[in-house]
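Beneath this line is the structure, given in structure tokens, with notes to follow.
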Amino acid sequence: MANVNTEPEMKTTDILVEDLDSFQKKLAQVREAQKLYAEYSQEQVDEIFKAAAIAANMARIPLAKMAVEETGMGVVEDKVIKNHYASEYIYNTYRNTKTCGEIEYDPAYGLRRIAEPIGIIGAVIPTTNPTSTAIFKALLCLKTRNGIIISPHPRAKLSTIAAAKIVLEAAVKAGAPEHIIGWIDVPSLELTNELMKSSDTILATGGPGMVKAAYSSGKPALGVGAGNTPVIIDSTADIRLAVNSIIHSKTFDNGMICASEQSVTVLSDIYDAVRQEFADRGCYFLKEDEIEKVRKTILINGSLNARIVGQSAYRIAQLSGVTVPEKTKILIGEVESVDISEEFAHEKLSPVLAMYKAESFDEALQKAARLVADGGYGHTSSLFIHPAELEKIQKHAHAMKTCRILINSPSSHGGIGDLYNFRMTPSMTLGCGSWGGNSVSENVGVKHLLNIKNVAERRENMLWFRTPEKVYFKKGCMPLALDELGTIMHKKKAFIVIDSFLYQNGYVTSIERKLDEMNIQHTCFYDVKPDPTLSSALEGAKAMRLFEPDVIIALGGGSAMDAGKIMWVLYEHPEVDFMDMAMRFMDIRKRIYPFPTMGEKAYFVAIPTSSGTGSEVTPFAVITDEKTNIKYPLADYELLPDMAIIDADNMMNQPKGLTSASGIDALTHALEAYASIMATEYTDGLALKAMKNIFDYLPAAYEKGAADPIAREKMATASTLAGMAFANAFLGVCHSMAHKLGAYHHIPHGVANALLITYVMRYNADPVPPKMGTFSQYQYPHTLERYCECAHFLGINGKDDNETLDLFIQKIEELKEACGIRKTIADYGVKEEDFLASLDEMVENAFDDQCTGANPRYPLMSEIREMYCKAYYGK
């Protein structure tokens with residue numbers, strides 16, 4: 001090592017950088033070299049990185065000597081460790097790190113991450129750590145294929161340049177471009193500012209003024225904040241370990257590492273023992289008059305006295321006019337104030353330490369937090385404590401606004417990483433986050449000197465098809481299906497939810513009889529209105545909690561089943577908030593509010609008495625808040641019933657109005673599921689078969705009712721098939737608009753859908769919509785073709801797609817007319833002034849409805865308004 005040449009030698013191609021003109025020439029050299037280096041492979045880069053690290057490590061002793069001789073600061077032996085660390089630890093950490101080209105590929109998610117260099121790094125080097133910081137930054141740049149130009153501190157230029165030269169020569173010998181590392185030979189403020197303006201990123205280490213200049217340069221900057229590390233020694237701490245760790249750290253290179261301890265706060269019950277340990281280990285406690293003398297030496301005109309930085313305790317005592325033993329390790333001032341007006345409360349970059357007494361751990365935290373606030377925001381804090389005191393450790397971490405919080409470690413060594421801890425990145429540049437005015441809050445490493453390209457291939461979401469675990473169907477199946485509740489599941493208490501009309505007309509009798517046969521205790525809640533309300537659901541949930549059922553049976557149309565679902569949730573989870581459940585989502589699997597797990601208290605059975613809603617097989621429930629008149633469509637697969645029983649015997653006596661409204665509702669379910677951006681082959685077949693049944697059997701079911709049981713059963717099947725389709729493909733803007741039309745003007749839901757569906761179809765079929773729906777499976781607008789597929793399945797064929805759509809819509813209008821559906825919203829008695837008064841609110845609420853997101857054409861609010869008006873006036 002004694003033969004290592006640390007004297008910079010000039011080559012014919014070298015440029016002595018001493019003014020702006022020579023700087024620009026050097027910049028051009030480095031930039032050209034970096035362009036070549038950017039094309040190097042990972043193998044080439046790793047060889048260069050290794051060779052440069054070895055060379056720096058070999059020169060660690062002469063570089064340390066040179067730094068101390070030139071700056072008059074620090075300890076040669078400690079600077080050897082710094083140089084060794086900056087080469088060996090940095091190499092060890094990054095030797096296997098990919099920094100060139102594709103660094104990661106996830107074939108399942110189709111994501112490639114490609115690393116590219118930034119370009120030219122402007123590196124400002126401090127006088128406190130000139131050689132180790134230069135080695136560190138140069139090695140990072142070599143590993144990341146960046147060029148680097150170093151601006152040394154004027155008082156450390158020779159040692160800084162020597163370190164850079166050693167790294168450069170080794171890198172070039174290993175194959176790097178000749179000028180990949182450059183430096184300013186005659187540093188000045190003017191040239192440093194020019195470097196900051198000209199580089200692509202600044203890597204700044206130094207005083208607050210320099211770091212501020214870096215961040216003000218207009219270029220991306222990685223800088224560090226000031227350190228003012230406060231230490232707390234808790235009553236439970238190992239005193240010997242604590243004191244000797246602090247001494248080891250505070251005397252390392254005469255305290256010039258910015259993470260070194262600046263103050264120690266000791267709990268009063270161990271204060272004397274800690275004080276004695278410091279004294280026994282060679283530290284000197286300043287007397288009152290001596291404290292005042294050292295105060296005047298620490299700061300000069302409010303700023304740190306440069307003459308004490310990196311000096312020994314003995315030398316600082318001499319400068320202060322204080323006599324201490326020559327081998328004194330640390331000067332300790334026992335002070336009380338943690339205010340910035342107290343000189344000992346500052347960062348001192350020397351073996352001078354403030355010592356405070358605290359009566360409690362909370363008081364110690366308050367003192368440490370204030371010390372951080374007065375000059376060390378974001379940097380480092382330290383705590384010595386018994387490892388089992390987890391509550392105190394967490395309390396300390398919460399109170400400290402620092403990015404490095406060290407437990408039972410010497411902070412100089414602990415803060416730079418990988419010496420007294422093994423997951424903190426080793427670094428000579430310690431980010432302090434926004435607290436310290438920095439852009440990073442961690443130890444700076446290679447990742448901060450790379451641009452990462454994220455190449456994301458298109459991927460389609462995993463889809464699903466979910467239904468109740470049991471779906472029973474065929475006319476007359478209900479008694480057999482219910483039998484399972486007793487014979488297989490051994491249920492004890494059943495809670496029946498039904499609307500008042502069905503209850504009064506005896507629909508619940510056969511269920512109650514069957515439950516009696518199985519000795520299942522039961523009760524019935526029948527205060528459910530056609531548009532179920534939140535207050536009704538709350539009352540039902542209250543009754544459930546009193547009865548404590550283990551099975552819930554919802555019997556009726558969509559109203560009873562929807563109300564039953566909400567009661568079920570509120571019964572099993574009374575803590576949930578309705579508005580949280582009603583919160584809109586874009587992806588049901590990523591929603592902000594996760595529904596609670598259902599079925600832990602009660603099994604849910606859904607039995608429809610109308611053929612339209614499909615609620616027996618869907619994860620949806622529509623509830624009206626009677627206070628605001630807003631309908632909330634709730635959706636989550638936790639709302640999916642456990643068992644669905646589709647027995648056409650329960651549907652035979654539907655009135656004609658309900659038959660037509662629910663029938664067209666089922667048709668709308670099928671049409672919107674087929675056109676949905678989330679439609680799949682699993683849902684398409686169900687939707688098509690549902691449409692076929694509806695066109696073939698709805699007129700007969702409407703006209704003949706119970707006299708045509710086959711038509712009734714086919715419509716029951718159609719309703720459930722369409723329900724399964726939209727349970728998995730979701731719906732669209734027709735339902736969004738229908739929800740609001742029903743809520744504001746009390747038009748039955750199925751009728752509202754019937755009034756809107758053909759307008760929505762023409763709207764969706766536009767081959768060039770202003771906006772299309774957002775979903776990875778939905779590749780391009782094709783709703784016209786999708787509607788034509790439905791038409792063809794139904795035997796409707798035109799000469800082209802447009803005519804086919806016209807004929808299809810005509811067929812739907814004929815079906816509506818045959819079932820007694822009127823033409824317009826106005827025809828249902830909605831006054832024009834009332835309609836117009838509510839229009840703006842309806843439009844916005846429809847746009848924000850849960851069903852809107854799956855519509856193939858993403859609607860503008862003005863377009864929703866136009867469709868509402870067309871449906872009102874019949875235009």
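Going by the structure tokens order, chains are called A, B, ..., each with residues numbered from 1, while ligands are numbered from 1 in the order shown.
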query = Any idea what's packed within 6 Å of stretch 243-255 of chain A, counting only C-alpha atoms, ignoring anything in its chain fewer than 3 positions away? Could you give it as number ranges by chain?
reply = A: 74-75, 78, 240, 260, 310-312, 349-351, 410, 412
key: Residues within 7 Å of A:Ile496, only C-alpha atoms, excluding chain neighbours under 4 positions, as a PyMOL selection string   = chain A and resi 523-525+552-554
Output N, CA, C and O atoms for every residue in the selection just made, as a tab-separated table (two decimals), in the first residue's frame.
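What ended up in out-v5.tsv:
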```
chain	number	residue	atom	x	y	z
A	523	THR	N	-90.05	-17.15	12.99
A	523	THR	CA	-90.79	-15.89	13.13
A	523	THR	C	-90.77	-15.21	11.78
A	523	THR	O	-89.97	-15.56	10.91
A	524	CYS	N	-91.64	-14.21	11.62
A	524	CYS	CA	-91.78	-13.59	10.30
A	524	CYS	C	-91.74	-12.07	10.44
A	524	CYS	O	-92.42	-11.49	11.28
A	525	PHE	N	-90.94	-11.44	9.59
A	525	PHE	CA	-90.88	-9.97	9.51
A	525	PHE	C	-91.48	-9.59	8.16
A	525	PHE	O	-90.95	-9.95	7.11
A	552	ILE	N	-81.95	-17.62	7.55
A	552	ILE	CA	-82.81	-16.52	7.12
A	552	ILE	C	-83.43	-16.92	5.79
A	552	ILE	O	-82.72	-17.35	4.87
A	553	ILE	N	-84.76	-16.80	5.69
A	553	ILE	CA	-85.45	-17.13	4.45
A	553	ILE	C	-86.11	-15.86	3.92
A	553	ILE	O	-87.00	-15.29	4.58
A	554	ALA	N	-85.65	-15.39	2.76
A	554	ALA	CA	-86.25	-14.22	2.13
A	554	ALA	C	-87.17	-14.69	1.03
A	554	ALA	O	-86.75	-15.34	0.07
```
For A:Gly486, please output as a PDB file with N, CA, C and O atoms, in the first residue's frame all residues within 10 Å (counting only C-alpha atoms; exclusion window: fewer than 2 positions along the same chain).
```
ATOM      1  N   LEU A 482     -86.319 -27.119   1.010  1.00  0.00           N
ATOM      2  CA  LEU A 482     -86.317 -26.678   2.402  1.00  0.00           C
ATOM      3  C   LEU A 482     -86.020 -27.814   3.369  1.00  0.00           C
ATOM      4  O   LEU A 482     -85.533 -27.577   4.491  1.00  0.00           O
ATOM      5  N   ASP A 483     -86.296 -29.033   2.948  1.00  0.00           N
ATOM      6  CA  ASP A 483     -86.084 -30.192   3.806  1.00  0.00           C
ATOM      7  C   ASP A 483     -84.629 -30.293   4.279  1.00  0.00           C
ATOM      8  O   ASP A 483     -84.351 -30.784   5.367  1.00  0.00           O
ATOM      9  N   GLU A 484     -83.712 -29.776   3.461  1.00  0.00           N
ATOM     10  CA  GLU A 484     -82.289 -29.836   3.828  1.00  0.00           C
ATOM     11  C   GLU A 484     -81.991 -29.053   5.098  1.00  0.00           C
ATOM     12  O   GLU A 484     -81.046 -29.376   5.823  1.00  0.00           O
ATOM     13  N   ILE A 488     -80.332 -32.156   6.917  1.00  0.00           N
ATOM     14  CA  ILE A 488     -78.884 -32.124   6.667  1.00  0.00           C
ATOM     15  C   ILE A 488     -78.185 -31.072   7.521  1.00  0.00           C
ATOM     16  O   ILE A 488     -77.158 -31.336   8.133  1.00  0.00           O
ATOM     17  N   MET A 489     -78.794 -29.875   7.586  1.00  0.00           N
ATOM     18  CA  MET A 489     -78.116 -28.769   8.285  1.00  0.00           C
ATOM     19  C   MET A 489     -78.509 -28.659   9.755  1.00  0.00           C
ATOM     20  O   MET A 489     -77.822 -27.981  10.520  1.00  0.00           O
ATOM     21  N   HIS A 490     -79.610 -29.253  10.126  1.00  0.00           N
ATOM     22  CA  HIS A 490     -80.068 -29.249  11.525  1.00  0.00           C
ATOM     23  C   HIS A 490     -80.224 -27.838  12.084  1.00  0.00           C
ATOM     24  O   HIS A 490     -79.768 -27.518  13.188  1.00  0.00           O
ATOM     25  N   LYS A 491     -80.861 -26.990  11.291  1.00  0.00           N
ATOM     26  CA  LYS A 491     -81.115 -25.622  11.726  1.00  0.00           C
ATOM     27  C   LYS A 491     -82.174 -25.607  12.820  1.00  0.00           C
ATOM     28  O   LYS A 491     -83.064 -26.469  12.880  1.00  0.00           O
ATOM     29  N   LYS A 492     -82.112 -24.599  13.696  1.00  0.00           N
ATOM     30  CA  LYS A 492     -83.003 -24.537  14.856  1.00  0.00           C
ATOM     31  C   LYS A 492     -83.995 -23.380  14.790  1.00  0.00           C
ATOM     32  O   LYS A 492     -85.123 -23.498  15.258  1.00  0.00           O
ATOM     33  N   LYS A 514     -93.788 -26.292   6.649  1.00  0.00           N
ATOM     34  CA  LYS A 514     -92.621 -27.158   6.478  1.00  0.00           C
ATOM     35  C   LYS A 514     -91.652 -27.002   7.645  1.00  0.00           C
ATOM     36  O   LYS A 514     -91.078 -27.992   8.137  1.00  0.00           O
ATOM     37  N   LEU A 515     -91.450 -25.781   8.113  1.00  0.00           N
ATOM     38  CA  LEU A 515     -90.561 -25.555   9.246  1.00  0.00           C
ATOM     39  C   LEU A 515     -91.103 -26.227  10.502  1.00  0.00           C
ATOM     40  O   LEU A 515     -90.340 -26.784  11.308  1.00  0.00           O
ATOM     41  N   GLU A 517     -92.910 -28.928  10.586  1.00  0.00           N
ATOM     42  CA  GLU A 517     -92.665 -30.360  10.443  1.00  0.00           C
ATOM     43  C   GLU A 517     -91.259 -30.740  10.896  1.00  0.00           C
ATOM     44  O   GLU A 517     -91.032 -31.827  11.423  1.00  0.00           O
ATOM     45  N   MET A 518     -90.299 -29.812  10.668  1.00  0.00           N
ATOM     46  CA  MET A 518     -88.899 -30.101  11.010  1.00  0.00           C
ATOM     47  C   MET A 518     -88.537 -29.597  12.402  1.00  0.00           C
ATOM     48  O   MET A 518     -87.361 -29.611  12.780  1.00  0.00           O
ATOM     49  N   ASN A 519     -89.548 -29.101  13.138  1.00  0.00           N
ATOM     50  CA  ASN A 519     -89.319 -28.564  14.491  1.00  0.00           C
ATOM     51  C   ASN A 519     -88.309 -27.411  14.492  1.00  0.00           C
ATOM     52  O   ASN A 519     -87.497 -27.277  15.411  1.00  0.00           O
ATOM     53  N   ILE A 520     -88.398 -26.600  13.452  1.00  0.00           N
ATOM     54  CA  ILE A 520     -87.570 -25.397  13.386  1.00  0.00           C
ATOM     55  C   ILE A 520     -88.413 -24.215  13.830  1.00  0.00           C
ATOM     56  O   ILE A 520     -89.439 -23.901  13.226  1.00  0.00           O
TER      57      ILE A 520
END
```
inquiry  = Could you pull out the alpha helix (DSSP H) residues of stretch 521-760 of chain A, going by DSSP on the backbone, and write them as a ChimeraX atom specification?
reply    = /A:534-547,558-572,578-581,656-675,681-704,709-729,733-745,749-760
request  = Give me the residues within 9 Å of A:Thr668 as a list in words, counting only C-alpha atoms and dropping any in the same chain fewer than 3 places off.
outcome  =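 Listed by chain and then number, they are Gly663, Ile664, Asp665, Leu671, Glu672, Ala673, Met691, Ala722, Leu731, Cys734, His735, Gly750, Asn753, Ala754 and Ile757 of chain A.
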Store the residues picked out above in a file with all heavy atoms, as a JSON list (two decimals), in the first residue's frame.
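Done, and the output landed in part28.json:
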```json
[["chain", "number", "residue", "atom", "x", "y", "z"],
["A", 663, "GLY", "N", -90.68, -8.94, -16.17],
["A", 663, "GLY", "CA", -90.22, -9.61, -17.39],
["A", 663, "GLY", "C", -89.28, -8.73, -18.20],
["A", 663, "GLY", "O", -88.22, -9.18, -18.66],
["A", 664, "ILE", "N", -89.65, -7.45, -18.37],
["A", 664, "ILE", "CA", -88.77, -6.53, -19.11],
["A", 664, "ILE", "C", -87.52, -6.23, -18.28],
["A", 664, "ILE", "O", -86.43, -6.01, -18.83],
["A", 664, "ILE", "CB", -89.51, -5.23, -19.48],
["A", 664, "ILE", "CG1", -90.73, -5.54, -20.34],
["A", 664, "ILE", "CG2", -88.57, -4.28, -20.22],
["A", 664, "ILE", "CD1", -90.41, -6.22, -21.66],
["A", 665, "ASP", "N", -87.63, -6.24, -16.96],
["A", 665, "ASP", "CA", -86.45, -6.08, -16.09],
["A", 665, "ASP", "C", -85.47, -7.22, -16.36],
["A", 665, "ASP", "O", -84.26, -6.99, -16.53],
["A", 665, "ASP", "CB", -86.89, -6.09, -14.63],
["A", 665, "ASP", "CG", -85.77, -5.67, -13.68],
["A", 665, "ASP", "OD1", -84.79, -5.05, -14.14],
["A", 665, "ASP", "OD2", -85.88, -5.97, -12.47],
["A", 671, "LEU", "N", -79.71, -8.16, -21.53],
["A", 671, "LEU", "CA", -79.11, -7.28, -22.53],
["A", 671, "LEU", "C", -77.89, -6.53, -21.98],
["A", 671, "LEU", "O", -76.85, -6.42, -22.64],
["A", 671, "LEU", "CB", -80.15, -6.27, -23.02],
["A", 671, "LEU", "CG", -81.20, -6.78, -24.00],
["A", 671, "LEU", "CD1", -82.35, -5.79, -24.11],
["A", 671, "LEU", "CD2", -80.57, -7.03, -25.37],
["A", 672, "GLU", "N", -78.01, -6.02, -20.77],
["A", 672, "GLU", "CA", -76.89, -5.26, -20.20],
["A", 672, "GLU", "C", -75.73, -6.18, -19.83],
["A", 672, "GLU", "O", -74.56, -5.80, -19.96],
["A", 672, "GLU", "CB", -77.35, -4.45, -18.99],
["A", 672, "GLU", "CG", -78.31, -3.33, -19.36],
["A", 672, "GLU", "CD", -78.11, -2.08, -18.51],
["A", 672, "GLU", "OE1", -78.57, -2.09, -17.35],
["A", 672, "GLU", "OE2", -77.51, -1.13, -19.01],
["A", 673, "ALA", "N", -76.03, -7.39, -19.38],
["A", 673, "ALA", "CA", -74.95, -8.34, -19.08],
["A", 673, "ALA", "C", -74.20, -8.72, -20.34],
["A", 673, "ALA", "O", -72.97, -8.85, -20.35],
["A", 673, "ALA", "CB", -75.51, -9.58, -18.40],
["A", 691, "MET", "N", -82.92, -14.26, -22.80],
["A", 691, "MET", "CA", -83.63, -13.45, -23.80],
["A", 691, "MET", "C", -84.60, -14.31, -24.62],
["A", 691, "MET", "O", -85.74, -13.91, -24.87],
["A", 691, "MET", "CB", -82.62, -12.79, -24.74],
["A", 691, "MET", "CG", -81.79, -11.67, -24.14],
["A", 691, "MET", "SD", -80.71, -10.97, -25.41],
["A", 691, "MET", "CE", -79.21, -10.76, -24.48],
["A", 722, "ALA", "N", -80.76, -14.81, -16.26],
["A", 722, "ALA", "CA", -80.30, -13.42, -16.43],
["A", 722, "ALA", "C", -79.64, -12.91, -15.16],
["A", 722, "ALA", "O", -78.66, -12.16, -15.21],
["A", 722, "ALA", "CB", -81.48, -12.53, -16.80],
["A", 731, "LEU", "N", -74.01, -4.83, -14.75],
["A", 731, "LEU", "CA", -75.03, -4.20, -15.58],
["A", 731, "LEU", "C", -74.46, -2.96, -16.27],
["A", 731, "LEU", "O", -73.28, -2.90, -16.56],
["A", 731, "LEU", "CB", -76.25, -3.87, -14.72],
["A", 731, "LEU", "CG", -76.99, -5.11, -14.18],
["A", 731, "LEU", "CD1", -77.92, -4.74, -13.04],
["A", 731, "LEU", "CD2", -77.76, -5.81, -15.30],
["A", 734, "CYS", "N", -78.30, 1.77, -18.20],
["A", 734, "CYS", "CA", -79.77, 1.69, -18.15],
["A", 734, "CYS", "C", -80.23, 1.49, -16.71],
["A", 734, "CYS", "O", -81.15, 2.16, -16.24],
["A", 734, "CYS", "CB", -80.28, 0.57, -19.05],
["A", 734, "CYS", "SG", -82.09, 0.49, -19.13],
["A", 735, "HIS", "N", -79.58, 0.56, -16.01],
["A", 735, "HIS", "CA", -79.95, 0.34, -14.61],
["A", 735, "HIS", "C", -79.57, 1.53, -13.74],
["A", 735, "HIS", "O", -80.29, 1.86, -12.79],
["A", 735, "HIS", "CB", -79.30, -0.94, -14.09],
["A", 735, "HIS", "CG", -80.18, -2.13, -14.22],
["A", 735, "HIS", "ND1", -80.40, -2.77, -15.41],
["A", 735, "HIS", "CD2", -80.96, -2.77, -13.31],
["A", 735, "HIS", "CE1", -81.25, -3.76, -15.24],
["A", 735, "HIS", "NE2", -81.61, -3.80, -13.95],
["A", 750, "GLY", "N", -88.80, -2.21, -12.86],
["A", 750, "GLY", "CA", -88.87, -2.87, -14.16],
["A", 750, "GLY", "C", -89.42, -1.94, -15.24],
["A", 750, "GLY", "O", -88.95, -1.95, -16.38],
["A", 753, "ASN", "N", -86.73, 0.56, -16.29],
["A", 753, "ASN", "CA", -85.81, -0.05, -17.26],
["A", 753, "ASN", "C", -86.44, -0.14, -18.64],
["A", 753, "ASN", "O", -85.79, 0.13, -19.66],
["A", 753, "ASN", "CB", -85.41, -1.45, -16.78],
["A", 753, "ASN", "CG", -84.22, -1.44, -15.84],
["A", 753, "ASN", "OD1", -83.24, -0.76, -16.10],
["A", 753, "ASN", "ND2", -84.31, -2.17, -14.75],
["A", 754, "ALA", "N", -87.72, -0.52, -18.68],
["A", 754, "ALA", "CA", -88.42, -0.67, -19.97],
["A", 754, "ALA", "C", -88.47, 0.66, -20.72],
["A", 754, "ALA", "O", -88.32, 0.71, -21.94],
["A", 754, "ALA", "CB", -89.82, -1.20, -19.73],
["A", 757, "ILE", "N", -84.47, 1.30, -21.94],
["A", 757, "ILE", "CA", -83.54, 0.33, -22.51],
["A", 757, "ILE", "C", -83.25, 0.55, -24.00],
["A", 757, "ILE", "O", -82.10, 0.47, -24.44],
["A", 757, "ILE", "CB", -84.01, -1.12, -22.25],
["A", 757, "ILE", "CG1", -82.97, -2.12, -22.77],
["A", 757, "ILE", "CG2", -85.37, -1.39, -22.83],
["A", 757, "ILE", "CD1", -81.58, -1.97, -22.17]]
```
message = Just checking: using only C-alpha atoms, which residue out of A:Lys453, A:Lys631, A:His782, A:Arg315 ends up closest to A:Gly101?
response = A:Lys453
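Minimum distance to A:Phe501 across A:Ser411, A:Thr97, A:Thr609, A:Asn454 (counting only C-alpha atoms) occurs at A:Thr609.
Using only C-alpha atoms, the shortest contact distance between A:Leu839 and any of A:Ser188, A:Leu449, A:Arg857, A:Ile864 is found at A:Ile864.
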query = If we count only C-alpha atoms, what is near A:Gly506 at a cut-off of 12 Å, once residues fewer than 6 positions away on the same chain are taken out, given as number ranges by chain?
reply = A: 498-500, 512-513, 526, 555-556, 650
For those residues, write C-alpha atoms to a file as a PDB file, in the first residue's frame.
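Final file, selection.pdb:
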```
ATOM      1  CA  ILE A 498     -91.524 -11.124   3.307  1.00  0.00           C
ATOM      2  CA  ASP A 499     -93.480  -8.085   2.146  1.00  0.00           C
ATOM      3  CA  SER A 500     -96.860  -7.298   3.685  1.00  0.00           C
ATOM      4  CA  GLU A 512     -94.118 -22.186   8.025  1.00  0.00           C
ATOM      5  CA  ARG A 513     -95.812 -25.568   7.752  1.00  0.00           C
ATOM      6  CA  TYR A 526     -93.281  -8.533   6.922  1.00  0.00           C
ATOM      7  CA  LEU A 555     -89.477 -14.848   0.253  1.00  0.00           C
ATOM      8  CA  GLY A 556     -90.820 -12.456  -2.364  1.00  0.00           C
ATOM      9  CA  ASN A 650     -94.721 -19.252  -6.012  1.00  0.00           C
TER      10      ASN A 650
END
```
query = If we count only C-alpha atoms, what is near A:Pro230 at a cut-off of 8 Å, once residues fewer than 6 positions away on the same chain are taken out, given as a ChimeraX atom specification?
reply = /A:261-265,368,371-372,380-382
inquiry  = Need to verify the contact set: A:Cys100, 9 Å, only C-alpha atoms, exclusion of same-chain residues closer than 4 positions in sequence. Can you return it as a list of chain:residue names?
reply    =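 So, after excluding close chain neighbours, the residues are A:Ala38, A:Glu39, A:Tyr40, A:Ser41, A:Gln42, A:Val45, A:Ile114, A:Ala115, A:Glu116, A:Pro117, A:Lys143, A:Thr144, A:Arg145.
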key: Separation of atom CA of A:Lys296 from atom CA of A:Gly321 in Å   =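 Value for the atom CA of A:Gly321-atom CA of A:Lys296 distance: 10.5 Å.
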